[in-house]
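Raw contents of query_0.txt, compact mmCIF, C-alpha atoms:
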```
# COMPACT_ATOMS: atom_id res chain seq x y z
CA MET A 1 71.26 93.57 138.06
CA ILE A 2 72.26 89.89 137.83
CA ASP A 3 73.09 90.29 134.12
CA SER A 4 75.31 93.26 134.94
CA VAL A 5 77.18 91.23 137.55
CA PHE A 6 77.76 88.36 135.15
CA GLN A 7 78.93 90.77 132.45
CA ALA A 8 81.36 92.39 134.88
CA ILE A 9 82.69 88.97 135.91
CA GLY A 10 83.10 87.95 132.26
CA LEU A 11 84.99 91.14 131.37
CA GLY A 12 87.18 90.76 134.42
CA HIS A 13 88.03 87.19 133.50
CA ALA A 14 88.83 88.20 129.91
CA ALA A 15 91.06 91.01 131.17
CA THR A 16 92.92 88.52 133.37
CA LEU A 17 93.40 86.12 130.45
CA LEU A 18 94.65 88.90 128.19
CA ALA A 19 97.01 90.47 130.74
CA LEU A 20 100.51 91.08 129.43
CA SER A 21 102.20 89.16 132.25
CA PRO A 22 101.51 85.55 133.36
CA PRO A 23 99.08 84.01 133.97
CA GLY A 24 97.71 86.24 131.23
CA TRP A 25 98.50 85.47 127.58
CA GLY A 26 98.49 89.03 126.23
CA GLY A 27 102.27 89.22 126.08
CA ALA A 28 102.43 85.92 124.17
CA LEU A 29 99.88 87.19 121.64
CA LEU A 30 101.84 90.41 121.09
CA TYR A 31 105.04 88.41 120.66
CA GLY A 32 103.27 86.26 118.08
CA LEU A 33 102.05 89.42 116.33
CA TRP A 34 105.63 90.75 116.25
CA ASN A 35 106.79 87.49 114.65
CA SER A 36 103.97 87.69 112.11
CA LEU A 37 104.92 91.25 111.18
CA GLN A 38 108.59 90.33 110.81
CA ILE A 39 107.74 87.50 108.44
CA ALA A 40 105.23 89.61 106.51
CA LEU A 41 107.70 92.49 106.10
CA GLY A 42 110.51 90.18 105.02
CA ALA A 43 108.30 88.23 102.63
CA PHE A 44 106.86 91.42 101.17
CA GLY A 45 110.36 92.77 100.55
CA VAL A 46 111.54 89.53 98.96
CA GLY A 47 108.38 89.44 96.87
CA LEU A 48 108.99 93.00 95.65
CA VAL A 49 112.52 92.11 94.49
CA ILE A 50 111.32 88.93 92.77
CA GLY A 51 108.32 90.74 91.31
CA LEU A 52 110.37 93.56 89.83
CA ALA A 53 112.86 91.13 88.33
CA GLY A 54 110.04 88.88 87.10
CA ALA A 55 108.06 91.73 85.55
CA SER A 56 111.17 93.02 83.77
CA GLY A 57 111.96 89.52 82.56
CA LYS A 58 108.44 88.96 81.24
CA LEU A 59 108.41 92.28 79.42
CA TYR A 60 111.98 92.59 78.19
CA GLY A 61 113.53 89.11 78.50
CA GLY A 62 114.10 86.51 75.84
CA PRO A 63 111.71 83.66 74.98
CA VAL A 64 113.28 81.21 77.47
CA THR A 65 113.17 83.75 80.30
CA ARG A 66 109.54 84.60 79.58
CA ASP A 67 108.56 80.93 79.43
CA LEU A 68 110.29 80.11 82.73
CA LEU A 69 108.67 83.07 84.45
CA ALA A 70 105.28 82.09 83.04
CA VAL A 71 105.68 78.62 84.53
CA TYR A 72 106.71 80.10 87.89
CA THR A 73 103.81 82.54 88.16
CA THR A 74 101.27 80.00 86.90
CA VAL A 75 102.31 77.21 89.25
CA VAL A 76 102.56 79.40 92.34
CA ARG A 77 99.20 81.05 91.71
CA ALA A 78 97.52 77.73 90.89
CA VAL A 79 98.68 75.74 93.93
CA PRO A 80 97.16 76.65 97.34
CA GLU A 81 99.53 78.57 99.62
CA LEU A 82 99.30 75.93 102.33
CA VAL A 83 100.53 73.21 99.96
CA LEU A 84 103.34 75.45 98.71
CA ILE A 85 104.41 76.22 102.26
CA LEU A 86 104.62 72.53 103.13
CA ILE A 87 106.54 71.74 99.93
CA LEU A 88 108.98 74.63 100.18
CA TYR A 89 109.46 74.44 103.94
CA TYR A 90 110.22 70.72 104.16
CA ALA A 91 111.31 69.68 100.66
CA GLY A 92 113.17 72.94 100.03
CA THR A 93 115.18 72.71 103.24
CA ASP A 94 115.98 69.05 102.60
CA ALA A 95 117.06 69.76 99.02
CA LEU A 96 119.31 72.61 100.16
CA ASN A 97 121.05 70.41 102.73
CA LYS A 98 121.51 67.58 100.22
CA LEU A 99 123.08 70.04 97.80
CA LEU A 100 125.43 71.36 100.50
CA VAL A 101 126.45 67.84 101.52
CA SER A 102 127.11 66.86 97.89
CA LEU A 103 129.39 69.90 97.57
CA GLY A 104 131.28 68.94 100.70
CA TYR A 105 129.70 71.42 103.10
CA ALA A 106 127.99 70.73 106.41
CA ARG A 107 124.24 70.71 106.81
CA VAL A 108 122.68 73.95 107.98
CA GLU A 109 119.81 74.65 110.34
CA ILE A 110 117.51 77.25 108.84
CA SER A 111 115.65 79.34 111.41
CA GLY A 112 111.89 79.39 111.32
CA LEU A 113 111.94 83.13 110.69
CA MET A 114 114.17 82.90 107.62
CA ALA A 115 112.31 79.86 106.30
CA GLY A 116 108.99 81.65 106.71
CA ILE A 117 110.27 84.76 104.94
CA GLY A 118 111.73 82.67 102.11
CA VAL A 119 108.62 80.55 101.59
CA LEU A 120 106.13 83.42 101.65
CA GLY A 121 108.53 85.58 99.62
CA VAL A 122 108.41 83.06 96.77
CA VAL A 123 104.61 83.11 96.90
CA GLN A 124 104.49 86.90 97.06
CA GLY A 125 106.93 87.17 94.17
CA ALA A 126 104.61 85.39 91.75
CA TYR A 127 101.73 87.76 92.46
CA ALA A 128 103.98 90.82 92.58
CA THR A 129 105.34 89.92 89.13
CA GLU A 130 101.90 90.29 87.58
CA VAL A 131 101.00 93.40 89.59
CA LEU A 132 104.19 95.19 88.59
CA ARG A 133 103.99 93.97 85.00
CA GLY A 134 100.53 95.49 84.68
CA ALA A 135 101.72 98.72 86.29
CA ILE A 136 104.65 98.99 83.88
CA LEU A 137 102.36 98.38 80.90
CA ALA A 138 100.17 101.26 82.14
CA VAL A 139 103.06 103.72 81.74
CA PRO A 140 102.45 105.86 78.62
CA ALA A 141 104.65 104.61 75.79
CA GLY A 142 105.41 108.18 74.73
CA GLN A 143 107.20 108.88 78.02
CA ILE A 144 109.53 105.92 77.52
CA GLU A 145 110.12 106.78 73.86
CA ALA A 146 111.01 110.35 74.83
CA ALA A 147 113.52 109.11 77.38
CA ARG A 148 115.11 106.83 74.80
CA ALA A 149 115.21 109.71 72.32
CA TYR A 150 117.28 111.65 74.86
CA GLY A 151 119.79 108.81 74.76
CA MET A 152 119.04 107.30 78.17
CA PRO A 153 120.27 103.72 78.58
CA PRO A 154 117.65 101.09 79.56
CA VAL A 155 118.64 101.09 83.24
CA MET A 156 118.30 104.85 83.47
CA VAL A 157 114.96 104.76 81.64
CA MET A 158 113.73 102.22 84.19
CA ARG A 159 115.03 104.20 87.17
CA ARG A 160 114.04 107.72 86.13
CA VAL A 161 110.92 107.20 84.02
CA THR A 162 109.31 103.77 84.28
CA LEU A 163 109.55 103.18 88.04
CA PRO A 164 108.31 106.63 89.15
CA LEU A 165 105.39 106.55 86.70
CA MET A 166 104.35 102.99 87.43
CA LEU A 167 104.48 103.45 91.20
CA SER A 168 101.06 105.09 91.51
CA ASN A 169 99.51 102.25 89.49
CA ALA A 170 101.29 99.56 91.47
CA ILE A 171 100.60 100.76 95.03
CA PRO A 172 96.94 99.59 95.26
CA GLY A 173 97.88 96.10 94.10
CA MET A 174 100.93 95.98 96.35
CA ALA A 175 98.78 97.09 99.29
CA ASN A 176 96.58 94.07 98.69
CA LEU A 177 99.64 91.82 98.55
CA TRP A 178 100.88 93.22 101.86
CA LEU A 179 97.56 92.45 103.53
CA ILE A 180 97.65 88.96 102.03
CA ALA A 181 101.16 88.51 103.43
CA THR A 182 100.03 89.47 106.94
CA LYS A 183 97.27 86.85 106.79
CA ASP A 184 99.37 84.17 105.08
CA THR A 185 101.71 84.18 108.08
CA ALA A 186 98.93 82.31 109.89
CA LEU A 187 99.58 79.34 107.60
CA LEU A 188 103.04 78.95 109.13
CA ALA A 189 101.38 77.71 112.30
CA ILE A 190 101.14 74.33 110.59
CA VAL A 191 104.96 74.03 110.57
CA GLY A 192 105.20 75.11 114.20
CA PHE A 193 106.36 78.70 113.85
CA ALA A 194 105.27 80.81 116.83
CA GLU A 195 103.34 83.53 115.01
CA LEU A 196 100.06 85.06 116.17
CA THR A 197 97.75 82.23 115.10
CA LEU A 198 99.81 79.52 116.78
CA ARG A 199 100.09 81.57 119.97
CA THR A 200 96.33 82.06 119.89
CA GLN A 201 95.77 78.33 119.48
CA GLN A 202 98.06 77.61 122.41
CA ALA A 203 96.36 80.17 124.64
CA ALA A 204 92.86 79.03 123.72
CA GLY A 205 93.74 75.37 124.10
CA THR A 206 95.28 75.91 127.53
CA THR A 207 92.54 78.11 128.97
CA LYS A 208 89.57 76.82 126.92
CA ALA A 209 88.62 80.48 126.38
CA TYR A 210 88.40 80.08 122.61
CA PHE A 211 86.08 83.01 121.94
CA THR A 212 88.18 85.44 123.97
CA PHE A 213 91.49 84.65 122.34
CA TYR A 214 90.29 84.26 118.76
CA LEU A 215 88.38 87.53 119.10
CA ALA A 216 91.55 89.19 120.44
CA ALA A 217 93.58 87.80 117.51
CA GLY A 218 90.97 89.09 115.08
CA VAL A 219 91.17 92.55 116.63
CA LEU A 220 94.97 92.54 116.30
CA TYR A 221 94.77 91.55 112.63
CA LEU A 222 92.12 94.25 112.07
CA MET A 223 94.37 96.87 113.67
CA VAL A 224 97.23 95.89 111.36
CA THR A 225 94.89 96.18 108.38
CA LEU A 226 93.58 99.61 109.35
CA VAL A 227 97.06 101.03 109.96
CA SER A 228 98.34 99.49 106.73
CA GLU A 229 95.49 100.92 104.68
CA ARG A 230 96.22 104.38 106.06
CA LEU A 231 99.93 104.15 105.30
CA PHE A 232 99.37 102.89 101.75
CA ALA A 233 96.79 105.63 101.16
CA LEU A 234 99.42 108.21 102.13
CA LEU A 235 101.99 106.55 99.85
CA GLU A 236 99.56 106.52 96.94
CA ALA A 237 98.66 110.18 97.47
CA ARG A 238 102.36 111.06 97.47
CA ALA A 239 103.03 108.99 94.35
CA ARG A 240 100.16 110.68 92.51
CA ARG A 241 101.34 114.23 93.21
CA GLY A 242 101.23 116.25 90.01
CA GLN A 243 99.02 113.71 88.24
CA PRO A 244 95.43 114.57 87.28
CA SER A 245 92.87 113.13 89.66
CA LEU A 246 90.01 110.91 88.53
CA LYS A 247 87.57 113.80 88.95
CA GLU A 248 89.72 116.06 86.76
CA GLY A 249 90.00 113.33 84.15
CA ALA A 250 86.22 112.82 84.13
CA ALA A 251 85.66 116.56 83.74
```
Would you mind giving the structure from this file in C-alpha cells?
Amino acid sequence: MIDSVFQAIGLGHAATLLALSPPGWGGALLYGLWNSLQIALGAFGVGLVIGLAGASGKLYGGPVTRDLLAVYTTVVRAVPELVLILILYYAGTDALNKLLVSLGYARVEISGLMAGIGVLGVVQGAYATEVLRGAILAVPAGQIEAARAYGMPPVMVMRRVTLPLMLSNAIPGMANLWLIATKDTALLAIVGFAELTLRTQQAAGTTKAYFTFYLAAGVLYLMVTLVSERLFALLEARARRGQPSLKEGAA
C-alpha cells in the first residue's frame, strides 16, 4: 500500500514537471524537439545536394575534382563531429565576416538555425557522397550503356536512368544518415542552440529531476526514430516496385 502511494506521488510529480504549460517543462522540450527536427531536415537536405554533387564529381569529374572531394570526405569523416561543429561554427562564421569586410560589406549575424543547418549539412554531405557513390556504382552498366546508345545526353541519363535505379540502393544508407542527423543536433547544445538536448539540460538543472527529463528526451528521440524508420521503409518499398525481391533472387 505504501509503495503504491509513493509510486502515485512520483508519477504525479513527473506529470507536473512534464506539463506543457509552466511550471511544467513539457512545452520547452517539444519546442527543443521542433528546433532539432528543423536543423536535421535542413542539414539532411543540404547533405543530399552536396552528396549528389560529390558522388558525381568523384565518378565523372577530372583528377583535380576527384582529389579535392577525396580530401573533403576523408577529413570530415576522420575528425569527430563535435570538433567539426566547433571549427565550422566559430571559425567559419569569423572567416565569412572577415571576407565580407575585406570586400567592403558589413558584418552579418548568422542565426543559430542557419549555422546549425550549414555545419551539419557539411558533415552530412561527406557521408552522403560515399553512400550515393556506392548506390550509383550498383546501377547495372548495361542500363546506362543502353541509354547512351539511344543518344541520351549525360544529364538525361542521370535523371531518367541512374537516379531512379540507384534510389532503392541509396535509401537504406540515407535512412541511417537521417537518424544520425537527428542525433547530431544534440551536439549543437555546446554552442548554445536551444535544441532538445539543451532544453533537457536546462529543465533537469533547474528542477534536479535528471532522470525524469533525460528519460523524456530519450522517449522523444525514440519516437522520431520509429516514425522515421516507418517512412523510409515505405519509400524503399515504393522505390523497389517492379524489381525482383531478395526471395525471388534467391529462388
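Proximity of A:Leu220, A:Ala28, A:Val161, A:Ala55 to A:Tyr72, computed with only C-alpha atoms, is greatest for A:Ala55.
Counting from atom CA of A:Arg66, the distance to atom CA of A:Ile39 is 29.1 Å.
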Residues near A:Gly125, cut-off 6 Å, all atoms listed in the file, skip fewer than 5 positions along chain, as an MDAnalysis selection string: chainID A and resid 47 50:51
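The shortest atom-to-atom distance to A:Ala43, with only C-alpha atoms taken into account, belongs to A:Met114 out of A:Ile87, A:Ile144, A:Leu188, A:Met114.
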Within 9 Å of A:Asn97 using only C-alpha atoms, minus same-chain residues under 5 positions, as a list in words: Gly92, Ser102, Tyr105, Ala106, Arg107, Val108 and Glu109 of chain A
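In terms of minimum interatomic distance to A:Leu52, A:Arg159 ranks closest within A:Arg77, A:Arg241, A:Arg159, A:His13, counting all atoms listed in the file.
The space separating atom CA of A:Gly104 from atom CA of A:Ala91 comes to 20.0 Å.
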Nearest-residue call for A:Gly218, choices A:Lys183, A:Ile190, A:Ala203, A:Val139, using all atoms listed in the file: A:Lys183
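Atom CA of A:Thr182 is found 18.3 Å from atom CA of A:Phe213.
Minimum distance to A:Ala19 across A:Ile110, A:Ala128, A:Leu179, A:Ala216 (counting only C-alpha atoms) occurs at A:Ala216.
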Could you write stretch 137-154 of chain A as a compact mmCIF listing (two decimals), in the coordinates of the input, with N, CA and C atoms rebuilt where they are missing?
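Result file selection_18.txt:
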```
# COMPACT_ATOMS: atom_id res chain seq x y z
N LEU A 137 103.07 98.26 82.18
CA LEU A 137 102.36 98.38 80.90
C LEU A 137 101.46 99.61 80.87
N ALA A 138 101.05 100.08 82.06
CA ALA A 138 100.17 101.26 82.14
C ALA A 138 100.93 102.57 81.94
N VAL A 139 102.27 102.51 81.97
CA VAL A 139 103.06 103.72 81.74
C VAL A 139 102.91 104.15 80.28
N PRO A 140 102.60 105.41 80.01
CA PRO A 140 102.45 105.86 78.62
C PRO A 140 103.71 105.59 77.79
N ALA A 141 103.51 104.97 76.64
CA ALA A 141 104.65 104.61 75.79
C ALA A 141 105.42 105.85 75.34
N GLY A 142 104.73 106.97 75.18
CA GLY A 142 105.41 108.18 74.73
C GLY A 142 106.46 108.66 75.71
N GLN A 143 106.22 108.46 77.01
CA GLN A 143 107.20 108.88 78.02
C GLN A 143 108.49 108.07 77.87
N ILE A 144 108.35 106.78 77.66
CA ILE A 144 109.53 105.92 77.52
C ILE A 144 110.25 106.23 76.21
N GLU A 145 109.50 106.45 75.15
CA GLU A 145 110.12 106.78 73.86
C GLU A 145 110.87 108.10 73.94
N ALA A 146 110.33 109.07 74.68
CA ALA A 146 111.01 110.35 74.83
C ALA A 146 112.31 110.18 75.59
N ALA A 147 112.30 109.34 76.62
CA ALA A 147 113.52 109.11 77.38
C ALA A 147 114.58 108.44 76.51
N ARG A 148 114.15 107.48 75.71
CA ARG A 148 115.11 106.83 74.80
C ARG A 148 115.63 107.81 73.76
N ALA A 149 114.78 108.73 73.31
CA ALA A 149 115.21 109.71 72.32
C ALA A 149 116.28 110.64 72.89
N TYR A 150 116.24 110.85 74.22
CA TYR A 150 117.28 111.65 74.86
C TYR A 150 118.57 110.87 75.04
N GLY A 151 118.58 109.62 74.67
CA GLY A 151 119.79 108.81 74.76
C GLY A 151 119.97 108.11 76.09
N MET A 152 118.92 108.00 76.89
CA MET A 152 119.04 107.30 78.17
C MET A 152 119.21 105.80 77.95
N PRO A 153 120.15 105.17 78.65
CA PRO A 153 120.27 103.72 78.58
C PRO A 153 119.08 103.06 79.27
N PRO A 154 118.83 101.77 78.99
CA PRO A 154 117.65 101.09 79.56
C PRO A 154 117.53 101.17 81.07
```
